[in-house]
Structure formats: C-alpha cells, structure tokens
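Containing TSV, N, CA, C and O atoms: entry-v7.tsv.
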```tsv
chain	number	residue	atom	x	y	z
A	13	MET	N	-36.25	-69.78	23.31
A	13	MET	CA	-34.89	-69.55	22.83
A	13	MET	C	-34.57	-68.05	22.90
A	13	MET	O	-35.43	-67.21	22.68
A	14	GLN	N	-33.32	-67.76	23.19
A	14	GLN	CA	-32.86	-66.39	23.38
A	14	GLN	C	-32.82	-65.62	22.06
A	14	GLN	O	-32.32	-66.13	21.05
A	15	LYS	N	-33.36	-64.39	22.07
A	15	LYS	CA	-33.28	-63.50	20.92
A	15	LYS	C	-32.06	-62.61	21.08
A	15	LYS	O	-31.61	-62.35	22.20
A	16	TYR	N	-31.53	-62.12	19.95
A	16	TYR	CA	-30.36	-61.25	19.98
A	16	TYR	C	-30.61	-60.00	19.15
A	16	TYR	O	-31.16	-60.07	18.06
A	17	LEU	N	-30.16	-58.86	19.68
A	17	LEU	CA	-30.33	-57.55	19.06
A	17	LEU	C	-29.05	-57.11	18.38
A	17	LEU	O	-27.97	-57.15	18.98
A	18	CYS	N	-29.17	-56.65	17.13
A	18	CYS	CA	-28.05	-56.05	16.41
A	18	CYS	C	-27.94	-54.61	16.91
A	18	CYS	O	-28.83	-53.79	16.67
A	19	LYS	N	-26.86	-54.28	17.61
A	19	LYS	CA	-26.71	-52.95	18.19
A	19	LYS	C	-26.65	-51.84	17.13
A	19	LYS	O	-27.24	-50.79	17.34
A	20	PRO	N	-26.00	-52.04	15.98
A	20	PRO	CA	-25.96	-50.95	15.00
A	20	PRO	C	-27.31	-50.59	14.38
A	20	PRO	O	-27.59	-49.42	14.14
A	21	CYS	N	-28.18	-51.59	14.10
A	21	CYS	CA	-29.40	-51.26	13.34
A	21	CYS	C	-30.71	-51.62	14.03
A	21	CYS	O	-31.77	-51.22	13.58
A	22	GLY	N	-30.66	-52.41	15.11
A	22	GLY	CA	-31.88	-52.75	15.82
A	22	GLY	C	-32.56	-54.03	15.36
A	22	GLY	O	-33.59	-54.41	15.90
A	23	TYR	N	-31.99	-54.73	14.36
A	23	TYR	CA	-32.56	-56.01	13.92
A	23	TYR	C	-32.51	-57.00	15.08
A	23	TYR	O	-31.53	-57.05	15.83
A	24	ILE	N	-33.56	-57.79	15.23
A	24	ILE	CA	-33.58	-58.82	16.26
A	24	ILE	C	-33.57	-60.19	15.59
A	24	ILE	O	-34.46	-60.49	14.79
A	25	TYR	N	-32.53	-60.97	15.92
A	25	TYR	CA	-32.49	-62.36	15.43
A	25	TYR	C	-33.35	-63.19	16.36
A	25	TYR	O	-33.10	-63.28	17.56
A	26	ASN	N	-34.39	-63.79	15.79
A	26	ASN	CA	-35.30	-64.66	16.54
A	26	ASN	C	-35.03	-66.10	16.09
A	26	ASN	O	-35.32	-66.46	14.96
A	27	PRO	N	-34.47	-66.92	16.98
A	27	PRO	CA	-34.14	-68.29	16.58
A	27	PRO	C	-35.35	-69.12	16.16
A	27	PRO	O	-35.20	-70.06	15.39
A	28	GLU	N	-36.53	-68.76	16.62
A	28	GLU	CA	-37.73	-69.49	16.22
A	28	GLU	C	-38.06	-69.24	14.75
A	28	GLU	O	-38.71	-70.06	14.11
A	29	GLU	N	-37.59	-68.11	14.20
A	29	GLU	CA	-37.84	-67.78	12.79
A	29	GLU	C	-36.63	-68.08	11.91
A	29	GLU	O	-36.78	-68.30	10.71
A	30	GLY	N	-35.43	-68.07	12.47
A	30	GLY	CA	-34.23	-68.26	11.68
A	30	GLY	C	-33.97	-67.04	10.80
A	30	GLY	O	-34.43	-65.95	11.08
A	31	ASP	N	-33.23	-67.24	9.71
A	31	ASP	CA	-32.92	-66.17	8.76
A	31	ASP	C	-33.02	-66.76	7.36
A	31	ASP	O	-32.04	-67.26	6.81
A	32	GLU	N	-34.22	-66.74	6.82
A	32	GLU	CA	-34.50	-67.39	5.54
A	32	GLU	C	-33.59	-66.88	4.42
A	32	GLU	O	-33.14	-67.64	3.58
A	33	MET	N	-33.33	-65.57	4.42
A	33	MET	CA	-32.50	-64.98	3.36
A	33	MET	C	-31.08	-65.55	3.36
A	33	MET	O	-30.44	-65.59	2.32
A	34	SER	N	-30.60	-65.97	4.53
A	34	SER	CA	-29.25	-66.52	4.63
A	34	SER	C	-29.24	-68.04	4.69
A	34	SER	O	-28.20	-68.65	4.92
A	35	GLY	N	-30.41	-68.65	4.53
A	35	GLY	CA	-30.50	-70.11	4.56
A	35	GLY	C	-30.43	-70.70	5.96
A	35	GLY	O	-30.11	-71.88	6.11
A	36	ILE	N	-30.74	-69.89	6.97
A	36	ILE	CA	-30.73	-70.38	8.36
A	36	ILE	C	-32.13	-70.88	8.71
A	36	ILE	O	-33.10	-70.13	8.66
A	37	GLU	N	-32.21	-72.14	9.05
A	37	GLU	CA	-33.49	-72.78	9.34
A	37	GLU	C	-34.09	-72.28	10.66
A	37	GLU	O	-33.35	-71.97	11.60
A	38	PRO	N	-35.43	-72.22	10.74
A	38	PRO	CA	-36.07	-71.93	12.02
A	38	PRO	C	-35.61	-72.93	13.08
A	38	PRO	O	-35.39	-74.10	12.77
A	39	GLY	N	-35.45	-72.46	14.30
A	39	GLY	CA	-34.98	-73.33	15.38
A	39	GLY	C	-33.48	-73.29	15.57
A	39	GLY	O	-32.96	-73.97	16.46
A	40	THR	N	-32.76	-72.48	14.79
A	40	THR	CA	-31.30	-72.37	14.92
A	40	THR	C	-30.96	-71.32	15.96
A	40	THR	O	-31.29	-70.15	15.80
A	41	SER	N	-30.31	-71.74	17.05
A	41	SER	CA	-29.94	-70.79	18.09
A	41	SER	C	-28.85	-69.85	17.58
A	41	SER	O	-28.12	-70.15	16.63
A	42	PHE	N	-28.74	-68.69	18.22
A	42	PHE	CA	-27.73	-67.71	17.82
A	42	PHE	C	-26.33	-68.31	17.91
A	42	PHE	O	-25.50	-68.10	17.03
A	43	GLU	N	-26.09	-69.10	18.95
A	43	GLU	CA	-24.78	-69.72	19.14
A	43	GLU	C	-24.43	-70.69	18.01
A	43	GLU	O	-23.26	-70.91	17.73
A	44	ASP	N	-25.46	-71.26	17.39
A	44	ASP	CA	-25.23	-72.23	16.31
A	44	ASP	C	-25.14	-71.59	14.92
A	44	ASP	O	-24.91	-72.30	13.94
A	45	LEU	N	-25.30	-70.26	14.85
A	45	LEU	CA	-25.12	-69.60	13.55
A	45	LEU	C	-23.66	-69.70	13.14
A	45	LEU	O	-22.77	-69.70	13.99
A	46	PRO	N	-23.38	-69.78	11.83
A	46	PRO	CA	-21.98	-69.82	11.38
A	46	PRO	C	-21.24	-68.57	11.86
A	46	PRO	O	-21.83	-67.49	12.00
A	47	ASP	N	-19.94	-68.70	12.12
A	47	ASP	CA	-19.14	-67.57	12.58
A	47	ASP	C	-19.14	-66.42	11.59
A	47	ASP	O	-18.97	-65.26	11.97
A	48	ASP	N	-19.33	-66.73	10.31
A	48	ASP	CA	-19.30	-65.67	9.29
A	48	ASP	C	-20.71	-65.14	8.95
A	48	ASP	O	-20.87	-64.36	8.01
A	49	TRP	N	-21.72	-65.53	9.74
A	49	TRP	CA	-23.07	-65.00	9.53
A	49	TRP	C	-23.09	-63.51	9.80
A	49	TRP	O	-22.43	-63.02	10.72
A	50	LEU	N	-23.83	-62.76	8.99
A	50	LEU	CA	-23.93	-61.31	9.13
A	50	LEU	C	-25.39	-60.90	9.27
A	50	LEU	O	-26.29	-61.56	8.74
A	51	CYS	N	-25.61	-59.79	9.94
A	51	CYS	CA	-26.95	-59.24	10.07
A	51	CYS	C	-27.54	-59.04	8.68
A	51	CYS	O	-26.91	-58.41	7.83
A	52	PRO	N	-28.75	-59.55	8.43
A	52	PRO	CA	-29.34	-59.41	7.10
A	52	PRO	C	-29.78	-57.98	6.78
A	52	PRO	O	-30.02	-57.66	5.62
A	53	MET	N	-29.84	-57.11	7.78
A	53	MET	CA	-30.26	-55.73	7.55
A	53	MET	C	-29.08	-54.80	7.28
A	53	MET	O	-29.15	-53.95	6.40
A	54	CYS	N	-27.99	-54.94	8.07
A	54	CYS	CA	-26.89	-53.97	7.94
A	54	CYS	C	-25.53	-54.60	7.70
A	54	CYS	O	-24.56	-53.88	7.48
A	55	GLY	N	-25.42	-55.94	7.78
A	55	GLY	CA	-24.15	-56.60	7.52
A	55	GLY	C	-23.20	-56.66	8.70
A	55	GLY	O	-22.05	-57.03	8.55
A	56	ALA	N	-23.68	-56.33	9.91
A	56	ALA	CA	-22.84	-56.39	11.11
A	56	ALA	C	-22.54	-57.85	11.47
A	56	ALA	O	-23.35	-58.74	11.23
A	57	GLY	N	-21.37	-58.08	12.06
A	57	GLY	CA	-20.98	-59.41	12.50
A	57	GLY	C	-21.64	-59.80	13.81
A	57	GLY	O	-22.21	-58.96	14.53
A	58	LYS	N	-21.55	-61.08	14.13
A	58	LYS	CA	-22.18	-61.60	15.35
A	58	LYS	C	-21.68	-60.90	16.62
A	58	LYS	O	-22.42	-60.81	17.59
A	59	GLU	N	-20.45	-60.40	16.60
A	59	GLU	CA	-19.89	-59.76	17.79
A	59	GLU	C	-20.61	-58.46	18.15
A	59	GLU	O	-20.45	-57.95	19.26
A	60	LEU	N	-21.41	-57.93	17.24
A	60	LEU	CA	-22.14	-56.69	17.49
A	60	LEU	C	-23.58	-56.92	17.94
A	60	LEU	O	-24.39	-56.01	17.98
A	61	PHE	N	-23.90	-58.16	18.28
A	61	PHE	CA	-25.22	-58.52	18.78
A	61	PHE	C	-25.16	-58.71	20.29
A	61	PHE	O	-24.12	-59.10	20.83
A	62	GLU	N	-26.30	-58.44	20.95
A	62	GLU	CA	-26.40	-58.69	22.38
A	62	GLU	C	-27.73	-59.35	22.69
A	62	GLU	O	-28.72	-59.10	21.99
A	63	PRO	N	-27.79	-60.19	23.73
A	63	PRO	CA	-29.04	-60.87	24.07
A	63	PRO	C	-30.09	-59.86	24.55
A	63	PRO	O	-29.76	-58.84	25.16
A	64	VAL	N	-31.35	-60.15	24.22
A	64	VAL	CA	-32.48	-59.33	24.68
A	64	VAL	C	-33.54	-60.25	25.27
A	64	VAL	O	-33.60	-61.42	24.95
A	65	ASP	N	-34.38	-59.66	26.11
A	65	ASP	CA	-35.46	-60.43	26.74
A	65	ASP	C	-36.63	-60.58	25.81
A	65	ASP	O	-36.89	-59.79	24.96
```

Rewrite the structure of this file - the entire thing - as structure tokens.
Amino acid sequence: MQKYLCKPCGYIYNPEEGDEMSGIEPGTSFEDLPDDWLCPMCGAGKELFEPVD
C-alpha cells in the first residue's frame, strides 16, 4: 500500500499501521481516510500530503 508524506512536518502515513490516535484502523488506505482527517503530528490537511516510495 502507498505511503504518504506530510510536507510540512515529515510525518509518513503508513496504511499498514493506520493512525491509532485518530481511530484509523490498520489497512486503511490514504484515499479512504475521512476528508477531515488531519496529520497527527502537525494538524495539516490531506491536501498537504504527497505519495512516497
């Protein structure tokens, strides 16, 4: 599954891990995150993330 980088702070969303603090289950792809999901480190919106290898 594709990982995504938060450009402002460098946090990487890994879909295999999800985001436990926000109640996002492991296995949730970035595209399936709620539109109002925010970076757990800096609060940036999804539009500030980019795919990484």

Neighbour list for Glu62 in chain A as a PyMOL selection string, cut-off 4.5 Å, only N, CA, C and O atoms, skip fewer than 5 positions in-chain: chain A and resi 15-17

Shell of 8 Å around Cys21 in chain A, only N, CA, C and O atoms, local chain residues under 4 positions omitted, as a VMD selection string: chain A and resid 17 53 to 54 56 60

Residues flagged strand (DSSP E) by DSSP in chain A, as a PyMOL selection string: chain A and resi 15-18+24-25+61-64

Among the residues A:Met13, A:Leu45, A:Met33, A:Leu50, the one that comes closest to Val64 in chain A [using only N, CA, C and O atoms]: A:Met13

Picked from chain A by DSSP as helix (DSSP H, G or I), as a list in words: Glu32, Met33, Ser34, Phe42, Glu43, Asp44, Lys58, Glu59 and Leu60 of chain A

For Gly57 in chain A, the nearest of the candidates A:Lys19, A:Gln14, A:Thr40, A:Gly35, counting only N, CA, C and O atoms: A:Lys19

Point-to-point distance from CA of Asp65 in chain A to CA of Glu32 in chain A, Å rounded to tenths: 22.3 Å

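Note that the spacing between CA of Cys51 in chain A and CA of Glu29 in chain A amounts to 14.1 Å.
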
Padding 6 Å on every side, please: axis-aligned box over the listed atoms of range 32-48 of chain A, centre and edge lengths to one decimal in Å, as JSON.
```
{"center_x": -27.5, "center_y": -69.2, "center_z": 10.7, "size_x": 29.1, "size_y": 21.7, "size_z": 28.8}
```

Separation of CA of Pro46 in chain A from atom C of Ile24 in chain A in Å: 15.6 Å

Among listed residues A:Phe42, A:Glu37, A:Asp47, A:Glu59, nearest Tyr25 in chain A (using all atoms listed in the file):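 Result for the nearest residue to Tyr25 in chain A: A:Phe42.
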